[in-house]
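Enquirer: I have a structure I would like to understand better, so I am pasting it below and will then ask my questions one at a time.
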Amino acid sequence: MSTMATAPAQAAASQLTVDLATGTGALRYGATGFLYGLGDEGIPNETMLAALKPQVTAQKAPDGLQHPNGDALKIAPMFKRAGGRDIQVYMQDVYKQWPYDNAGITDYLAKVDTMTRKIVADPYRSSYVYVPFNEPDGIWYSGNLTGLLADWKTVFQKIRSIDATARIAGPNFASYRSADLKTFLTYAKANSVLPDVMTWHELGNDFYSSWQDHYNDYRAIETAVGISARPITINEYGRSSGDLGVPGNLVQFVAKFEASKVDGCLAYWTTAGGLNDLVTHNNQATGAWWLYKWYGELTGNTVAVTPPSAGGSLQGLAALDANRKQARVIFGGNNPASGTYDTNVVVKGVPSYLGTTVHATVWGIDNTGLAASAAPYVVKEGDFTASSGQVTVPLTGLKGQSAYQIIVTPNTDTSTAAANRYEAEYAALGGTAKVTYGTNTGYAGTYFTEGYGASSTASTKFVVSAPSDGYYNLSLRYSAGPYTGAPTDRSLRVRLNGADLTTVALPGTADWNTWKTATTKVYLPAGISRVEYNAYATDDRDAVNLDYLDVAATSGTVTAYEAEAASNTLGGAAAVVSDTAATGGKYVGWIGAGSANTLRFNGVSAAAAGRYRMVVGYANGELGDGATNYNSNIVDRYAEISVNGGTAKKVFFRNTLGWSNYWTTVVDVDLAAGANTITFGNASTGYAPNIDRIQIAAPVG
């Protein structure tokens, strides 16, 4: 007698239900926060940050010694330019050691005095939130809640004596501690030292099953104590292994924090300045970055989402935007033993303006760890008939560590599955631009109407991905029908990563159902870029419909200059060094640590005066001072770069995590026609990165 083994039965498909008819409030985008996610000015690339709609970042104290970068005051300008809201200041990070040096409350008060005066004098004063203590239940006050309460009052009053409008957050326990929180709030109320923002950390396995219990219990404590509801920031979230950078796991936090309308900051487990494993090489996206981009692109209001189990691994969030006629669902996080799972996404309460038949596109993004992601891919696309206002999108073979997005629109569009295509109706809009769904086959996009008044603008903003530095054709599909008589030509102004680039001509089309493509050859850096098309006019006669943008690599002239070339000039201690990993086997190092030690590229040629892209190949493996028992204290070296002896520009270079790892950073330089000089230096006591070579390219080919 023999037996035959059988494969385990596939688990039945689960069900994730989205109710578009049940609104749950305005979008908060609160989960998009970081602890030490920002390192220095430009670290990470501002474009990478802005695309995520950041809300809160937690950074070290002014001139703190805990780590060599991440100073709250130094990253503030970039964070605010990118649209960030609050900057939490970890005040105890003024100390070098971990756990923090304990020299007594008198020593700490003196430091608090100094830090607070620096914050008060800063132009971004209103954006800072003071965090006086970090994980006090394990540091300085382990088993001594009474001591913490007394010192909280003392420090709180010191801060307010200097900054009367200060927002103060706490107690910042390392985990949720119900009884201690009630004791803390009772004391704080009685002594008029209540925190303006309530903070604690969610770093353990219990988050997945217990977040809602923690949240509900805390709100009940507020009621019992008799205080108003505080804003909540979980300013460290994610386990030390298995969560950071993993889209499927991070969906859990995004969904639950948004549902509770609280803020959260990804925990600092690796290196500073990389948005906590969302960014690699400073301007390239890991898989998890795309999850937060999807989150930041939600518009309208959130709606009810019911997962298969409240404490289960498959979670999601959704939003409905009546103006754009779009519903978006983000979900993931199921981790079955088989590695894949099936689920039915049921969307009910479909509003009449979406129609009786809707178009749904399902996108996926996989876990890439710290490697760059190739961008989202289409999992499924099709038209679905709504029955009693409900559609079901069946999905099979989904990956446990991946995240997914469904975009539901009226059924007027054809396939969006072309490689490197970016649909206008999915893009961010500005001014009077609006999403429209045409009756002609295949059109769904944006309609530009300037409106009246020269100061008014309309824009469609695409976030695109390039696998490497180089030239790309940006091919814009558009329609520009005539108002009367012959076709009327139009034009749009193109901006790249927040700066004006060029103007693209759009020859008029015979009618609004006729489409043309306008192609612009542009130099893009590797990774993420924002491409904006802006309309500027005085009336509706510059109206234009945009359908999509295709991005494809192409050829173009790029001129390279090796750092070790004999035609260059080395000043002071700057020297040519051999390294087989460098282009040509050599680089120039020992640049900086004084104004005399410089590298000057001579004979950098430009066909015409104007702005050029300079691609700098470099290495920087420096480790700095700070707490030595966790994280890597990487240093983002900077160079002072001057063209033709002009005013130097300070540029930070992301640490390459090794002296023989050569990465690139793109820096804009203004060159004169003919031969130019470009000088690298660092007049401070620090060094510039090792320079391998530079490449010069015109921004528009």
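Ordering of the structure tokens sets the chain letters (A, B, ...), residue numbers begin anew at 1 in every chain, and ligands are numbered from 1 in the order given.
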If we count only C-alpha atoms and set the cut-off at 12 Å, which residues sit around Ala424 in chain A, ignoring sequence neighbours fewer than 5 positions away in its own chain? Please answer as a PyMOL selection string.
Expert: chain A and resi 324+413+416+429+433-437+443-448+459-464+476-478+531-533+545-550
Enquirer: Would you pick out the contacts of range 239-252 of chain A at 10 Å or less, using only C-alpha atoms, so that residues sharing its chain but fewer than 3 positions from it are not included, and give the list as a PyMOL selection string?
Expert: chain A and resi 31+202-205+207-208+236+255-257+266-270+275-279+286-292+295+311-317+330-335+364-371+399-404
Enquirer: Please extract the residues of range 644-676 of chain A with a backbone DSSP assignment of strand (DSSP E or B) and present them as a ChimeraX atom specification.
Expert: /A:649-652,663-671,674-676
Enquirer: Which residues of range 536-644 of chain A come within 6 Å of range 692-697 of chain A, and for each one, what is the closest pair of atoms and their distance in Å to one decimal, counting only C-alpha atoms, sorted by chain and residue number, as a tab-separated table?
Expert:
```
residue	atom	partner	partner_atom	distance
A:Val558	CA	A:Ala697	CA	4.9
A:Thr559	CA	A:Ile696	CA	5.2
A:Ala560	CA	A:Gln695	CA	4.2
A:Tyr561	CA	A:Ile694	CA	5.4
A:Glu562	CA	A:Arg693	CA	4.4
A:Ala563	CA	A:Arg693	CA	4.8
A:Tyr587	CA	A:Asp692	CA	4.5
A:Tyr612	CA	A:Ala697	CA	5.8
A:Arg613	CA	A:Ala697	CA	5.2
A:Met614	CA	A:Ile696	CA	4.8
A:Val615	CA	A:Gln695	CA	4.9
A:Val616	CA	A:Ile694	CA	4.6
A:Gly617	CA	A:Asp692	CA	5.2
A:Tyr618	CA	A:Asp692	CA	5.3
```
Enquirer: List the spatial neighbours of Lys153 in chain A as a PyMOL selection string - criterion: any atom at most 12 Å away, only C-alpha atoms, same-chain residues fewer than 3 positions off excluded.
Expert: chain A and resi 105+109+132-133+146-150+156-160+168+170-171+184-185+187-195
Enquirer: What is the CA of Arg600 in chain A-CA of Ala648 in chain A distance in Å, reported with one decimal?
Expert: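 CA of Arg600 in chain A sits 12.7 Å away from CA of Ala648 in chain A.
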Enquirer: So that I can check the secondary structure, give me every residue of range 128-341 of chain A assigned alpha helix (DSSP H) by backbone DSSP, as a PyMOL selection string.
Expert: chain A and resi 145-162+178-190+206-225+247-260+287-297
Enquirer: List as a PyMOL selection string the protein and nucleic acid residues near Glu381 in chain A, meaning an atom at most 8 Å away when only C-alpha atoms are counted, but skip any in the same chain fewer than 2 places from it.
Expert: chain A and resi 359-362+378-379+383+415
Enquirer: Identify, on the basis of only C-alpha atoms, every residue whose closest approach to Leu20 in chain A does not exceed 7 Å; exclude the query and any residue fewer than 6 positions from it along the same chain; express the result as a PDB file with N, CA, C and O atoms, in the first residue's frame.
Expert:
```pdb
ATOM      1  N   VAL A 303     -12.286  57.098   3.511  1.00  0.00           N
ATOM      2  CA  VAL A 303     -13.547  56.366   3.633  1.00  0.00           C
ATOM      3  C   VAL A 303     -13.297  55.096   4.425  1.00  0.00           C
ATOM      4  O   VAL A 303     -12.147  54.682   4.634  1.00  0.00           O
ATOM      5  N   LEU A 320     -11.768  58.971  -1.345  1.00  0.00           N
ATOM      6  CA  LEU A 320     -12.646  59.298  -2.462  1.00  0.00           C
ATOM      7  C   LEU A 320     -12.576  60.795  -2.716  1.00  0.00           C
ATOM      8  O   LEU A 320     -12.699  61.589  -1.786  1.00  0.00           O
ATOM      9  N   LYS A 348     -17.891  49.177  -2.319  1.00  0.00           N
ATOM     10  CA  LYS A 348     -19.327  49.438  -2.325  1.00  0.00           C
ATOM     11  C   LYS A 348     -19.589  50.926  -2.135  1.00  0.00           C
ATOM     12  O   LYS A 348     -18.670  51.702  -1.843  1.00  0.00           O
ATOM     13  N   GLY A 349     -20.855  51.302  -2.313  1.00  0.00           N
ATOM     14  CA  GLY A 349     -21.196  52.721  -2.218  1.00  0.00           C
ATOM     15  C   GLY A 349     -20.626  53.525  -3.362  1.00  0.00           C
ATOM     16  O   GLY A 349     -20.316  54.714  -3.201  1.00  0.00           O
ATOM     17  N   VAL A 350     -20.485  52.897  -4.544  1.00  0.00           N
ATOM     18  CA  VAL A 350     -19.907  53.590  -5.698  1.00  0.00           C
ATOM     19  C   VAL A 350     -20.828  54.742  -6.092  1.00  0.00           C
ATOM     20  O   VAL A 350     -22.010  54.526  -6.396  1.00  0.00           O
TER      21      VAL A 350
END
```
Enquirer: Nearest to Ser632 in chain A: which of A:Ser228, A:Ala13, A:Val56, A:Gln66 is it, counting only C-alpha atoms?
Expert: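 Checking each candidate against Ser632 in chain A, we get A:Gln66 as the closest.
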